[in-house]
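Here is the file model.txt (compact mmCIF, C-alpha atoms).
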# COMPACT_ATOMS: atom_id res chain seq x y z
CA MET A 1 -35.22 60.66 69.10
CA ALA A 2 -37.18 58.68 66.51
CA SER A 3 -40.80 57.86 67.26
CA THR A 4 -41.99 57.45 70.83
CA ASP A 5 -45.63 57.47 69.73
CA PRO A 6 -47.07 54.03 70.57
CA LYS A 7 -49.39 54.35 67.58
CA ARG A 8 -46.41 54.78 65.24
CA PRO A 9 -43.74 52.34 66.37
CA ASN A 10 -40.36 52.17 64.69
CA VAL A 11 -39.57 48.98 62.77
CA VAL A 12 -36.29 47.07 62.35
CA PHE A 13 -36.51 44.21 59.85
CA ILE A 14 -33.52 41.84 59.94
CA LEU A 15 -33.11 39.33 57.13
CA SER A 16 -30.53 36.55 57.00
CA ASP A 17 -29.42 34.78 53.84
CA ASP A 18 -29.74 30.98 53.57
CA GLN A 19 -30.43 30.34 57.25
CA GLY A 20 -32.33 27.18 58.01
CA ALA A 21 -35.10 27.34 60.58
CA TRP A 22 -33.09 24.71 62.49
CA ALA A 23 -30.01 26.99 62.76
CA LEU A 24 -30.99 28.77 65.99
CA GLY A 25 -30.34 27.94 69.59
CA CYS A 26 -33.90 28.88 70.54
CA ALA A 27 -35.21 26.46 67.88
CA GLY A 28 -33.56 23.55 69.67
CA ASN A 29 -30.07 23.52 68.17
CA SER A 30 -27.80 23.11 71.20
CA GLU A 31 -24.57 23.46 69.19
CA ILE A 32 -25.00 26.73 67.32
CA ARG A 33 -24.42 29.90 69.35
CA THR A 34 -27.11 32.55 68.81
CA PRO A 35 -27.52 34.28 72.20
CA ASN A 36 -28.89 37.56 70.83
CA LEU A 37 -31.50 35.93 68.62
CA ASP A 38 -32.38 33.63 71.51
CA SER A 39 -32.88 36.74 73.66
CA LEU A 40 -35.15 38.28 71.00
CA ALA A 41 -37.22 35.09 71.03
CA ALA A 42 -37.37 35.10 74.84
CA ASN A 43 -38.59 38.69 74.68
CA GLY A 44 -40.95 38.10 71.78
CA THR A 45 -42.73 35.44 69.76
CA ARG A 46 -40.95 32.76 67.75
CA PHE A 47 -42.84 31.14 64.87
CA GLU A 48 -42.29 27.41 64.49
CA ASN A 49 -44.01 26.96 61.10
CA PHE A 50 -43.06 29.91 58.93
CA PHE A 51 -42.43 29.44 55.20
CA CYS A 52 -40.83 31.37 52.37
CA ALA A 53 -42.63 32.03 49.09
CA SER A 54 -39.83 30.52 47.00
CA PRO A 55 -36.77 28.58 48.18
CA VAL A 56 -34.18 30.84 46.55
CA CYS A 57 -33.06 34.38 47.39
CA SER A 58 -34.30 36.95 44.85
CA PRO A 59 -37.85 35.58 44.39
CA ALA A 60 -38.22 35.16 48.15
CA ARG A 61 -37.04 38.72 48.83
CA ALA A 62 -39.32 40.18 46.18
CA SER A 63 -42.26 38.32 47.73
CA ILE A 64 -41.45 39.56 51.23
CA LEU A 65 -41.38 43.15 50.02
CA THR A 66 -44.41 43.10 47.73
CA GLY A 67 -46.62 40.36 49.20
CA ARG A 68 -46.86 38.83 45.71
CA ILE A 69 -45.93 35.37 44.50
CA PRO A 70 -43.14 35.07 41.91
CA SER A 71 -45.73 34.53 39.17
CA GLN A 72 -47.07 37.99 40.03
CA HIS A 73 -43.90 40.04 40.53
CA GLY A 74 -41.96 38.21 37.83
CA VAL A 75 -38.73 37.41 39.68
CA HIS A 76 -38.49 33.63 39.31
CA ASP A 77 -34.86 32.93 40.17
CA TRP A 78 -31.78 34.53 41.69
CA ILE A 79 -30.78 37.65 39.78
CA ARG A 80 -27.51 37.35 37.92
CA ASP A 81 -27.58 40.48 35.74
CA GLY A 82 -28.80 44.04 35.87
CA ASN A 83 -27.63 44.94 39.36
CA MET A 84 -24.84 47.32 38.29
CA LEU A 85 -23.31 48.34 34.97
CA SER A 86 -20.21 46.44 36.00
CA ASP A 87 -22.27 43.24 35.91
CA VAL A 88 -21.19 43.04 32.28
CA GLU A 89 -18.25 40.96 33.50
CA TRP A 90 -20.79 38.31 34.53
CA GLY A 91 -22.29 38.14 31.07
CA ALA A 92 -24.86 40.96 31.18
CA GLN A 93 -25.50 43.33 28.32
CA GLY A 94 -24.35 46.44 30.12
CA LYS A 95 -27.65 47.74 31.47
CA VAL A 96 -29.20 47.95 34.90
CA ILE A 97 -32.72 46.71 35.55
CA GLU A 98 -35.13 47.71 38.31
CA TYR A 99 -36.95 44.40 38.49
CA LEU A 100 -39.78 45.61 40.74
CA ARG A 101 -40.48 48.86 38.91
CA GLY A 102 -44.17 49.72 39.19
CA ILE A 103 -44.89 47.06 41.81
CA PRO A 104 -45.63 48.59 45.22
CA GLY A 105 -43.84 47.28 48.28
CA TYR A 106 -44.77 47.81 51.90
CA THR A 107 -41.86 50.23 52.30
CA ASP A 108 -43.52 52.46 49.70
CA VAL A 109 -46.58 52.55 51.94
CA LEU A 110 -44.49 53.27 55.05
CA ALA A 111 -42.63 56.12 53.32
CA ALA A 112 -45.93 57.61 52.14
CA ASN A 113 -47.12 57.53 55.75
CA GLY A 114 -44.17 59.51 57.08
CA TYR A 115 -41.67 56.76 57.92
CA THR A 116 -37.98 57.38 57.21
CA CYS A 117 -36.83 54.20 55.47
CA GLY A 118 -33.27 52.91 55.34
CA ILE A 119 -31.63 49.72 54.12
CA SER A 120 -28.22 48.24 54.85
CA GLY A 121 -26.98 45.08 53.17
CA LYS A 122 -28.22 42.72 50.49
CA TRP A 123 -30.76 44.09 48.01
CA HIS A 124 -30.40 41.71 45.04
CA LEU A 125 -33.47 42.97 43.19
CA GLY A 126 -31.69 44.94 40.49
CA ASP A 127 -30.34 48.46 39.95
CA SER A 128 -28.37 48.55 43.17
CA GLY A 129 -27.07 52.03 42.36
CA HIS A 130 -30.39 53.81 42.87
CA PRO A 131 -32.62 53.89 45.97
CA GLN A 132 -36.00 52.27 45.38
CA LYS A 133 -39.17 51.32 47.21
CA GLY A 134 -39.34 54.33 49.50
CA PHE A 135 -35.81 54.00 50.89
CA SER A 136 -34.06 57.32 51.46
CA SER A 137 -30.97 55.77 53.08
CA TRP A 138 -29.37 53.24 50.75
CA LYS A 139 -26.18 51.32 51.62
CA VAL A 140 -26.35 47.98 49.88
CA HIS A 141 -24.37 45.07 48.55
CA SER A 142 -24.09 46.04 44.92
CA ARG A 143 -24.79 42.58 43.55
CA GLY A 144 -26.15 39.64 45.51
CA GLY A 145 -23.36 37.43 46.68
CA SER A 146 -19.62 37.61 47.24
CA GLY A 147 -16.95 36.66 49.70
CA TYR A 148 -17.12 38.00 53.22
CA TYR A 149 -14.07 40.16 52.56
CA ASP A 150 -13.66 42.52 49.59
CA ALA A 151 -17.41 42.59 49.00
CA PRO A 152 -18.76 44.92 46.27
CA MET A 153 -20.83 47.58 48.04
CA PHE A 154 -22.74 50.72 47.11
CA ALA A 155 -23.04 53.75 49.37
CA ASP A 156 -23.07 57.52 49.05
CA GLY A 157 -23.63 57.32 45.31
CA ARG A 158 -20.65 55.13 44.48
CA GLU A 159 -19.66 51.49 44.21
CA TYR A 160 -16.61 50.39 46.13
CA VAL A 161 -14.89 47.29 47.48
CA GLU A 162 -15.25 46.80 51.23
CA PRO A 163 -12.12 45.15 52.66
CA ARG A 164 -13.58 44.41 56.10
CA TYR A 165 -15.79 41.52 57.16
CA VAL A 166 -19.04 42.41 55.45
CA THR A 167 -21.30 41.17 58.27
CA ASP A 168 -19.75 43.78 60.58
CA VAL A 169 -20.11 46.50 57.96
CA ILE A 170 -23.79 45.78 57.29
CA ALA A 171 -24.53 46.04 61.01
CA GLU A 172 -22.42 49.19 61.43
CA ASN A 173 -24.29 50.90 58.61
CA GLY A 174 -27.55 49.91 60.27
CA VAL A 175 -26.39 51.39 63.59
CA ALA A 176 -25.32 54.57 61.78
CA PHE A 177 -28.83 54.91 60.34
CA LEU A 178 -30.30 54.54 63.84
CA ARG A 179 -28.06 57.29 65.16
CA GLU A 180 -29.14 59.57 62.34
CA GLN A 181 -32.70 59.37 63.68
CA VAL A 182 -31.78 60.91 67.04
CA ASN A 183 -32.86 64.42 66.08
CA SER A 184 -36.07 63.35 64.35
CA ASP A 185 -39.50 62.71 65.80
CA ALA A 186 -40.55 60.72 62.74
CA PRO A 187 -40.85 56.94 62.98
CA PHE A 188 -38.26 54.93 61.08
CA TYR A 189 -38.10 51.65 59.23
CA LEU A 190 -34.70 49.95 58.91
CA SER A 191 -33.95 46.86 56.83
CA VAL A 192 -30.75 45.06 57.81
CA HIS A 193 -30.17 42.42 55.15
CA TYR A 194 -27.17 40.22 55.86
CA THR A 195 -25.32 38.12 53.32
CA ALA A 196 -24.70 35.66 56.18
CA PRO A 197 -24.76 32.75 56.48
CA HIS A 198 -24.60 32.23 52.69
CA SER A 199 -21.46 30.50 51.38
CA PRO A 200 -18.45 30.72 51.16
CA TRP A 201 -17.69 28.88 54.38
CA THR A 202 -13.95 28.34 54.03
CA PRO A 203 -11.77 29.37 57.01
CA ASP A 204 -10.22 32.32 55.17
CA GLN A 205 -13.67 33.92 54.89
CA HIS A 206 -14.51 34.18 58.58
CA PRO A 207 -13.01 35.32 61.90
CA SER A 208 -10.56 32.61 62.90
CA GLU A 209 -11.35 32.54 66.62
CA THR A 210 -14.99 31.56 66.10
CA TYR A 211 -14.24 29.28 63.15
CA ASP A 212 -11.42 27.45 64.90
CA ASP A 213 -13.54 26.91 68.00
CA TYR A 214 -16.36 25.30 66.01
CA HIS A 215 -13.92 23.30 63.91
CA ALA A 216 -12.03 21.92 66.89
CA ASN A 217 -14.80 21.45 69.40
CA CYS A 218 -18.22 21.03 67.78
CA PRO A 219 -19.32 17.46 66.97
CA PHE A 220 -22.11 18.77 64.68
CA HIS A 221 -24.65 16.26 65.91
CA SER A 222 -27.29 18.89 65.11
CA THR A 223 -27.07 18.20 61.37
CA PRO A 224 -27.39 14.82 59.64
CA PHE A 225 -24.49 13.07 57.94
CA GLU A 226 -26.04 11.28 54.97
CA PRO A 227 -25.02 10.06 51.52
CA MET A 228 -25.42 12.53 48.67
CA HIS A 229 -28.95 12.90 47.35
CA PRO A 230 -29.13 11.70 43.72
CA TRP A 231 -30.53 15.08 42.63
CA GLN A 232 -27.73 17.18 44.20
CA ILE A 233 -26.29 19.53 41.57
CA ALA A 234 -22.55 19.39 40.96
CA SER A 235 -21.89 23.09 41.72
CA ALA A 236 -23.30 22.97 45.27
CA PRO A 237 -20.94 22.90 48.27
CA SER A 238 -20.08 19.38 49.36
CA GLY A 239 -19.79 17.84 52.79
CA TYR A 240 -19.91 14.16 52.07
CA ASP A 241 -16.74 13.18 53.92
CA GLU A 242 -15.75 14.10 57.45
CA VAL A 243 -13.09 16.64 56.43
CA SER A 244 -15.25 18.64 54.02
CA ARG A 245 -18.34 18.33 56.23
CA ARG A 246 -16.49 19.77 59.22
CA ARG A 247 -15.09 22.58 57.06
CA GLU A 248 -18.48 23.57 55.61
CA LEU A 249 -20.37 23.36 58.89
CA SER A 250 -17.69 25.25 60.82
CA GLY A 251 -17.97 28.10 58.32
CA TYR A 252 -21.76 28.03 58.29
CA TYR A 253 -22.09 28.02 62.08
CA THR A 254 -19.46 30.76 62.33
CA ALA A 255 -21.34 32.94 59.84
CA VAL A 256 -24.52 32.58 61.92
CA THR A 257 -22.75 33.30 65.20
CA GLU A 258 -20.92 36.36 63.86
CA MET A 259 -24.20 37.70 62.45
CA ASP A 260 -25.87 37.10 65.80
CA HIS A 261 -23.13 39.09 67.53
CA THR A 262 -23.79 42.13 65.34
CA ILE A 263 -27.56 41.80 65.82
CA GLY A 264 -26.76 42.28 69.48
CA ASP A 265 -25.04 45.56 68.58
CA ILE A 266 -28.15 46.77 66.74
CA VAL A 267 -30.47 45.90 69.62
CA ALA A 268 -28.03 47.52 72.08
CA GLU A 269 -28.17 50.75 70.07
CA ILE A 270 -31.96 50.72 70.15
CA ASP A 271 -31.79 50.21 73.92
CA ARG A 272 -29.28 53.06 74.24
CA MET A 273 -31.64 55.36 72.34
CA GLY A 274 -34.40 54.52 74.82
CA ILE A 275 -36.85 53.38 72.14
CA ARG A 276 -36.83 49.60 72.54
CA GLU A 277 -40.43 49.45 73.78
CA ASN A 278 -41.55 51.48 70.78
CA THR A 279 -39.57 49.50 68.20
CA LEU A 280 -40.88 46.38 66.51
CA ILE A 281 -38.02 44.02 65.64
CA ILE A 282 -38.62 41.31 63.06
CA PHE A 283 -36.05 38.64 62.25
CA THR A 284 -36.43 36.08 59.47
CA GLY A 285 -34.48 34.38 56.68
CA ASP A 286 -35.06 34.60 52.95
CA ASN A 287 -35.29 30.83 52.45
CA GLY A 288 -34.42 27.61 54.20
CA MET A 289 -31.16 25.68 53.95
CA ASN A 290 -29.92 22.11 53.90
CA MET A 291 -26.54 21.43 55.45
CA GLY A 292 -26.56 17.68 55.05
CA HIS A 293 -30.33 17.39 55.45
CA HIS A 294 -31.70 14.92 52.89
CA GLY A 295 -28.12 14.44 51.72
CA LEU A 296 -28.12 17.99 50.33
CA TYR A 297 -26.09 21.17 50.68
CA GLY A 298 -28.10 24.16 49.54
CA LYS A 299 -31.74 25.23 49.22
CA GLY A 300 -34.37 24.76 46.52
CA ASN A 301 -31.81 24.99 43.74
CA ALA A 302 -29.46 22.51 45.43
CA THR A 303 -31.13 19.87 43.29
CA PHE A 304 -32.33 19.37 39.76
CA PRO A 305 -35.24 19.26 39.61
CA ALA A 306 -35.71 21.88 42.32
CA ASN A 307 -36.77 20.56 45.71
CA MET A 308 -39.44 21.71 48.18
CA PHE A 309 -38.31 19.91 51.31
CA ASP A 310 -39.31 21.64 54.54
CA THR A 311 -35.64 22.29 55.22
CA SER A 312 -35.61 24.37 52.02
CA VAL A 313 -38.90 26.23 52.48
CA LYS A 314 -39.18 26.66 56.25
CA VAL A 315 -37.53 29.80 57.64
CA PRO A 316 -36.76 31.26 61.07
CA MET A 317 -39.13 33.98 62.28
CA ILE A 318 -38.96 36.00 65.50
CA ILE A 319 -40.96 39.16 66.27
CA SER A 320 -40.35 41.25 69.37
CA GLN A 321 -41.66 44.45 70.90
CA PRO A 322 -41.57 44.43 74.70
CA GLY A 323 -44.89 45.34 76.27
CA ARG A 324 -46.86 44.65 73.09
CA VAL A 325 -45.81 41.41 71.40
CA PRO A 326 -46.19 38.44 73.77
CA SER A 327 -42.86 37.29 75.24
CA GLY A 328 -41.54 33.76 75.35
CA VAL A 329 -44.26 32.42 73.07
CA VAL A 330 -43.77 29.79 70.38
CA CYS A 331 -46.49 30.07 67.73
CA GLU A 332 -47.42 26.89 65.86
CA GLU A 333 -49.62 28.55 63.19
CA MET A 334 -48.68 27.88 59.56
CA LEU A 335 -47.74 31.26 58.12
CA SER A 336 -45.82 32.61 55.16
CA HIS A 337 -43.65 35.46 53.97
CA LEU A 338 -46.67 36.39 51.84
CA ASP A 339 -48.34 37.40 55.11
CA ILE A 340 -45.67 39.92 56.12
CA MET A 341 -46.92 42.91 54.10
CA PRO A 342 -50.58 42.66 55.25
CA THR A 343 -49.49 41.94 58.83
CA LEU A 344 -47.04 44.82 59.13
CA LEU A 345 -49.43 47.37 57.65
CA ASP A 346 -52.24 46.08 59.87
CA TYR A 347 -50.02 46.24 62.97
CA LEU A 348 -49.05 49.82 62.13
CA GLY A 349 -52.66 50.83 61.49
CA MET A 350 -52.15 51.56 57.79
CA GLU A 351 -54.45 50.78 54.92
CA ASN A 352 -53.11 48.18 52.52
CA PRO A 353 -53.64 49.66 49.04
CA VAL A 354 -53.15 46.28 47.32
CA ALA A 355 -55.04 44.07 49.78
CA ASP A 356 -57.21 42.59 47.05
CA GLU A 357 -54.22 41.91 44.80
CA ILE A 358 -52.10 39.75 47.10
CA PRO A 359 -52.77 36.32 48.60
CA GLY A 360 -51.41 36.81 52.13
CA ALA A 361 -53.41 37.70 55.22
CA SER A 362 -52.62 39.54 58.42
CA PHE A 363 -51.55 37.62 61.50
CA ALA A 364 -51.36 40.83 63.56
CA PRO A 365 -53.79 39.39 66.15
CA ILE A 366 -51.03 37.01 67.24
CA LEU A 367 -48.76 40.01 67.86
CA HIS A 368 -51.47 41.48 70.09
CA GLY A 369 -51.73 38.25 72.08
CA GLU A 370 -55.02 37.25 70.50
CA LYS A 371 -56.21 34.10 68.79
CA LEU A 372 -55.94 33.93 65.03
CA THR A 373 -59.36 33.05 63.69
CA GLY A 374 -60.69 32.20 60.27
CA ARG A 375 -57.53 30.46 59.09
CA ASP A 376 -58.21 26.85 59.97
CA ALA A 377 -58.07 25.85 56.33
CA VAL A 378 -54.96 27.86 55.56
CA VAL A 379 -52.32 26.01 53.60
CA VAL A 380 -48.90 27.12 52.41
CA TYR A 381 -48.00 27.43 48.75
CA ASP A 382 -44.55 27.76 47.21
CA GLU A 383 -43.18 27.99 43.72
CA TYR A 384 -39.79 27.88 42.07
CA GLY A 385 -40.07 28.02 38.30
CA PRO A 386 -42.08 24.98 37.17
CA THR A 387 -41.97 23.41 40.65
CA ARG A 388 -44.99 24.19 42.83
CA MET A 389 -45.98 23.01 46.29
CA ILE A 390 -49.06 22.86 48.46
CA ARG A 391 -48.57 22.02 52.14
CA THR A 392 -51.15 21.40 54.84
CA ARG A 393 -50.41 20.32 58.38
CA GLU A 394 -50.72 16.69 57.34
CA TRP A 395 -49.83 16.56 53.67
CA LYS A 396 -47.37 17.99 51.17
CA TYR A 397 -47.80 17.66 47.42
CA VAL A 398 -45.12 18.84 44.96
CA HIS A 399 -45.98 19.17 41.28
CA ARG A 400 -43.31 19.66 38.63
CA TYR A 401 -44.74 20.87 35.39
CA GLN A 402 -43.43 19.47 32.12
CA TYR A 403 -40.96 16.94 33.41
CA GLY A 404 -42.00 15.79 36.91
CA PRO A 405 -41.51 13.79 39.05
CA HIS A 406 -44.24 14.61 41.56
CA GLU A 407 -44.12 13.97 45.30
CA LEU A 408 -46.63 13.29 48.08
CA TYR A 409 -45.70 13.10 51.76
CA ASN A 410 -47.75 12.30 54.83
CA LEU A 411 -46.15 14.80 57.20
CA LYS A 412 -47.94 13.41 60.24
CA ASP A 413 -46.38 9.97 59.86
CA ASP A 414 -43.29 11.04 57.92
CA PRO A 415 -42.23 14.55 59.05
CA ASP A 416 -38.76 14.14 57.52
CA GLU A 417 -40.23 13.50 54.06
CA ARG A 418 -38.52 10.18 53.47
CA VAL A 419 -41.29 8.19 51.75
CA ASN A 420 -42.80 9.54 48.55
CA LEU A 421 -46.36 8.20 48.41
CA ILE A 422 -47.24 9.52 44.96
CA ASP A 423 -47.59 6.00 43.51
CA ALA A 424 -48.65 4.25 46.72
CA ASP A 425 -51.89 2.31 46.88
CA GLY A 426 -54.84 4.35 48.07
CA MET A 427 -53.08 7.71 47.66
CA SER A 428 -54.39 8.76 44.24
CA GLY A 429 -57.41 10.54 45.73
CA VAL A 430 -55.29 12.56 48.16
CA ALA A 431 -52.90 13.57 45.38
CA ARG A 432 -55.76 14.46 43.05
CA ASP A 433 -57.39 16.71 45.66
CA LEU A 434 -54.17 18.51 46.50
CA ARG A 435 -53.27 18.91 42.83
CA ALA A 436 -56.66 20.50 42.13
CA ARG A 437 -56.33 22.92 45.04
CA LEU A 438 -52.80 23.82 43.94
CA ALA A 439 -53.86 24.50 40.35
CA GLU A 440 -56.89 26.54 41.41
CA TRP A 441 -54.82 28.75 43.72
CA PHE A 442 -52.17 29.50 41.11
CA VAL A 443 -54.76 30.16 38.42
CA HIS A 444 -56.30 32.73 40.76
CA TRP A 445 -53.09 34.52 41.79
CA ALA A 446 -50.61 34.11 38.93
CA ASP A 447 -50.23 37.02 36.52
Take the structure I supplied and represent it as structure tokens, if you would.
Amino acid sequence: MASTDPKRPNVVFILSDDQGAWALGCAGNSEIRTPNLDSLAANGTRFENFFCASPVCSPARASILTGRIPSQHGVHDWIRDGNMLSDVEWGAQGKVIEYLRGIPGYTDVLAANGYTCGISGKWHLGDSGHPQKGFSSWKVHSRGGSGYYDAPMFADGREYVEPRYVTDVIAENGVAFLREQVNSDAPFYLSVHYTAPHSPWTPDQHPSETYDDYHANCPFHSTPFEPMHPWQIASAPSGYDEVSRRRELSGYYTAVTEMDHTIGDIVAEIDRMGIRENTLIIFTGDNGMNMGHHGLYGKGNATFPANMFDTSVKVPMIISQPGRVPSGVVCEEMLSHLDIMPTLLDYLGMENPVADEIPGASFAPILHGEKLTGRDAVVVYDEYGPTRMIRTREWKYVHRYQYGPHELYNLKDDPDERVNLIDADGMSGVARDLRARLAEWFVHWAD
């Protein structure tokens, strides 16, 4: 019945799509309903300052899997073409592309160490028709985004259109993988990659009972109602009047709540199998999300030039394994998706074959209830094309190559990033120091 060996725990990695770190009940949002994720946090550790590697889906996902920054793995933006041959309708040249070919991911290491690896849901890293990166079970969204009904999916060697609510289907396929492990003693790794809560958020795209309840009864005080940011791109969803704002937020909150419900089904199956105490569950999002924050709807590419606001780069992160990972803890350490690969391999007692090639570091001591040492000077770096960021606890500096403008925020005095100090008196030395550290880091790690 899967692994019961405490030295070889099973792993379930749950990834949401465009979920802000603020969009969780356990993170202080009293309006959004996430009881199952709140329970995971109560029975595990929630990370308050966790950051993506790039504030858009495909680069962020590639960085999670490989531990490399976009300038190493080469995926710099969301992937439009090369997922399936049928992508030609979107302007491709009729060929599929395995974007991470030759770049090892942590699932490759797990598979080589005897783990049975399965994925259900959003892949969005090219060539969706062929299992990659050590996965032997492969049921994926065949592109990257779609509506919640009639989603293009790939399973059992064929592409098909799924008429049902895709959040339910992704979870059901994950549960089916779990049940397939009943007669095996091998440990398993399961990725459950939701398309939720990514747009669309219109009422026809979500279960009406949940949507109507939010729409009729939620005041949405948990998100700001601000004028449109001058950099907001025209194609982003809009919520700048009460009617459209209520529509967008009702759909977004519904997508999160419906996803949370199915996460409960996955955890219940693990409980039913009797392996909860030997299963590490990780929940995170691919990037942050603005739903009115800063006058924006979207993530890093909600603006031109791209933005690096904390609401775009900060992600939810919960890790739970009863009896091993401390329960009810909120960790304040500044950590990154770049740390996931070294942490997971360290936690599982596996050698990291690319340890010297990737910038992240293990935070496994936190998962063992120990202090994290030697990281006092750790800062977080992000990139999205020519936009790069360095963030310390007190300062954030954003540099935009070629065209600017640059930004400098004192996060201690201005945590909401309202006042750009880049041209303020007395700030040139701070900006110069951060710019030098940013450039040095990228020179070291970029390929």
Subject >> range 342-349 of chain A surroundings by all atoms listed in the file, 9 Å radius, close-in-sequence under 2 positions cut, as a ChimeraX atom specification >> reply: /A:7-9,67,106,109-110,338-340,351-352,355,358,360-365,367-368
With 6 Å as the threshold, what does the neighbourhood of (-35.0, 33.0, 47.8) contain in terms of residues, counting all atoms listed in the file? Coordinates are those of the file; answer as a PDB file with C-alpha atoms, keeping the file's coordinate frame.
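Below is the file point-v7.pdb, written as the result:
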ATOM      1  CA  SER A  54     -39.830  30.520  47.000  1.00  0.00           C
ATOM      2  CA  PRO A  55     -36.770  28.580  48.180  1.00  0.00           C
ATOM      3  CA  VAL A  56     -34.180  30.840  46.550  1.00  0.00           C
ATOM      4  CA  CYS A  57     -33.060  34.380  47.390  1.00  0.00           C
ATOM      5  CA  SER A  58     -34.300  36.950  44.850  1.00  0.00           C
ATOM      6  CA  PRO A  59     -37.850  35.580  44.390  1.00  0.00           C
ATOM      7  CA  ALA A  60     -38.220  35.160  48.150  1.00  0.00           C
ATOM      8  CA  ASP A 286     -35.060  34.600  52.950  1.00  0.00           C
ATOM      9  CA  ASN A 287     -35.290  30.830  52.450  1.00  0.00           C
TER      10      ASN A 287
END
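You can rank A:Leu24, A:Ala41, A:Ala151, A:Leu438 by their closest distance to Ile319 in chain A using all atoms listed in the file, and at the top of that list sits A:Ala41.
The closest residue to Pro359 in chain A, picked from A:Arg418, A:Arg247, A:Lys412, A:Arg68 and counting all atoms listed in the file, is A:Arg68.
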Can you sort out the box for range 19-24 of chain A, edges along x, y and z, all listed atoms in, 5 Å on every side, with centre and edge lengths in Å to one decimal, as lines of an AutoDock Vina configuration file?
center_x = -32.6
center_y = 27.5
center_z = 61.6
size_x = 15.1
size_y = 15.6
size_z = 18.7
**OP:** Write out as a PyMOL selection string each polymer residue whose atoms come within 12 Å of Ala2 in chain A, counting all atoms listed in the file; drop sequence neighbours fewer than 6 positions from it.
**Re:** chain A and resi 8-11+114-117+177-190+270+273-276+278-279
Subject >> Counting all atoms listed in the file, the residue of A:Glu440, A:Asp168, A:Glu48, A:Asp213 that sits nearest Glu31 in chain A >> reply: A:Asp213
**OP:** Mind checking which residues fall within 7 Å of Tyr409 in chain A, counting only C-alpha atoms, ignoring those fewer than 4 positions away in the same chain, and posting them as an NGL selection string?
**Re:** :A and (395-397 or 414 or 417 or 419-421)
**OP:** Grab the CA of Arg164 in chain A to CA of Tyr194 in chain A distance for me, in Å with one decimal place.
**Re:**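 Computed distance, CA of Arg164 in chain A to CA of Tyr194 in chain A, equals 14.2 Å.
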Original post:
Which residues, written as a PyMOL selection string, have at least one atom at most 10 Å from range 232-236 of chain A, with all atoms listed in the file counted and residues fewer than 4 positions away on the same chain left out?
Top reply: chain A and resi 199+228+294-299+301-307
Generate the output file for the selected residues, C-alpha atoms, as a tab-separated table (two decimals), keeping the file's coordinate frame.
chain	number	residue	atom	x	y	z
A	199	SER	CA	-21.46	30.50	51.38
A	228	MET	CA	-25.42	12.53	48.67
A	294	HIS	CA	-31.70	14.92	52.89
A	295	GLY	CA	-28.12	14.44	51.72
A	296	LEU	CA	-28.12	17.99	50.33
A	297	TYR	CA	-26.09	21.17	50.68
A	298	GLY	CA	-28.10	24.16	49.54
A	299	LYS	CA	-31.74	25.23	49.22
A	301	ASN	CA	-31.81	24.99	43.74
A	302	ALA	CA	-29.46	22.51	45.43
A	303	THR	CA	-31.13	19.87	43.29
A	304	PHE	CA	-32.33	19.37	39.76
A	305	PRO	CA	-35.24	19.26	39.61
A	306	ALA	CA	-35.71	21.88	42.32
A	307	ASN	CA	-36.77	20.56	45.71
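Between CA of Gly251 in chain A and CA of His337 in chain A the separation is 27.1 Å.
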Original post:
If you measure from CA of Asp447 in chain A to CA of Ser71 in chain A, what distance in Å do you get, rounded to one decimal?
Top reply: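 Taking CA of Asp447 in chain A as the start and CA of Ser71 in chain A as the end point, the length is 5.8 Å.
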Subject >> Selected residue, from A:Met317, A:Val267, A:Ala27, A:Ala446, that lies nearest to Ser336 in chain A when counting all atoms listed in the file >> reply: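 Comparing A:Met317, A:Val267, A:Ala27, A:Ala446 against Ser336 in chain A, the winner is A:Met317.
If you measure from each of A:Gly328, A:Gly385, A:Pro200, A:Gly288 to Phe309 in chain A using all atoms listed in the file, the closest one turns out to be A:Gly288.
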Subject >> For Ile14 in chain A: contacts at 9 Å, all atoms listed in the file, fewer than 4 positions along chain excluded, given as a PyMOL selection string >> reply: chain A and resi 190-194+263+281-285
**OP:** Place a sphere of radius 12 Å on (-37.6, 52.7, 43.7) in the file coordinates and name every protein, DNA or RNA residue with an atom inside or on its surface, counting only C-alpha atoms; give the answer as a PyMOL selection string.
**Re:** chain A and resi 97-108+111+117+123+125-138
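Compared by their closest atoms to Phe220 in chain A, and using all atoms listed in the file, the residues A:Met389, A:Ala155, A:Met291, A:Val161 rank with A:Met291 nearest.
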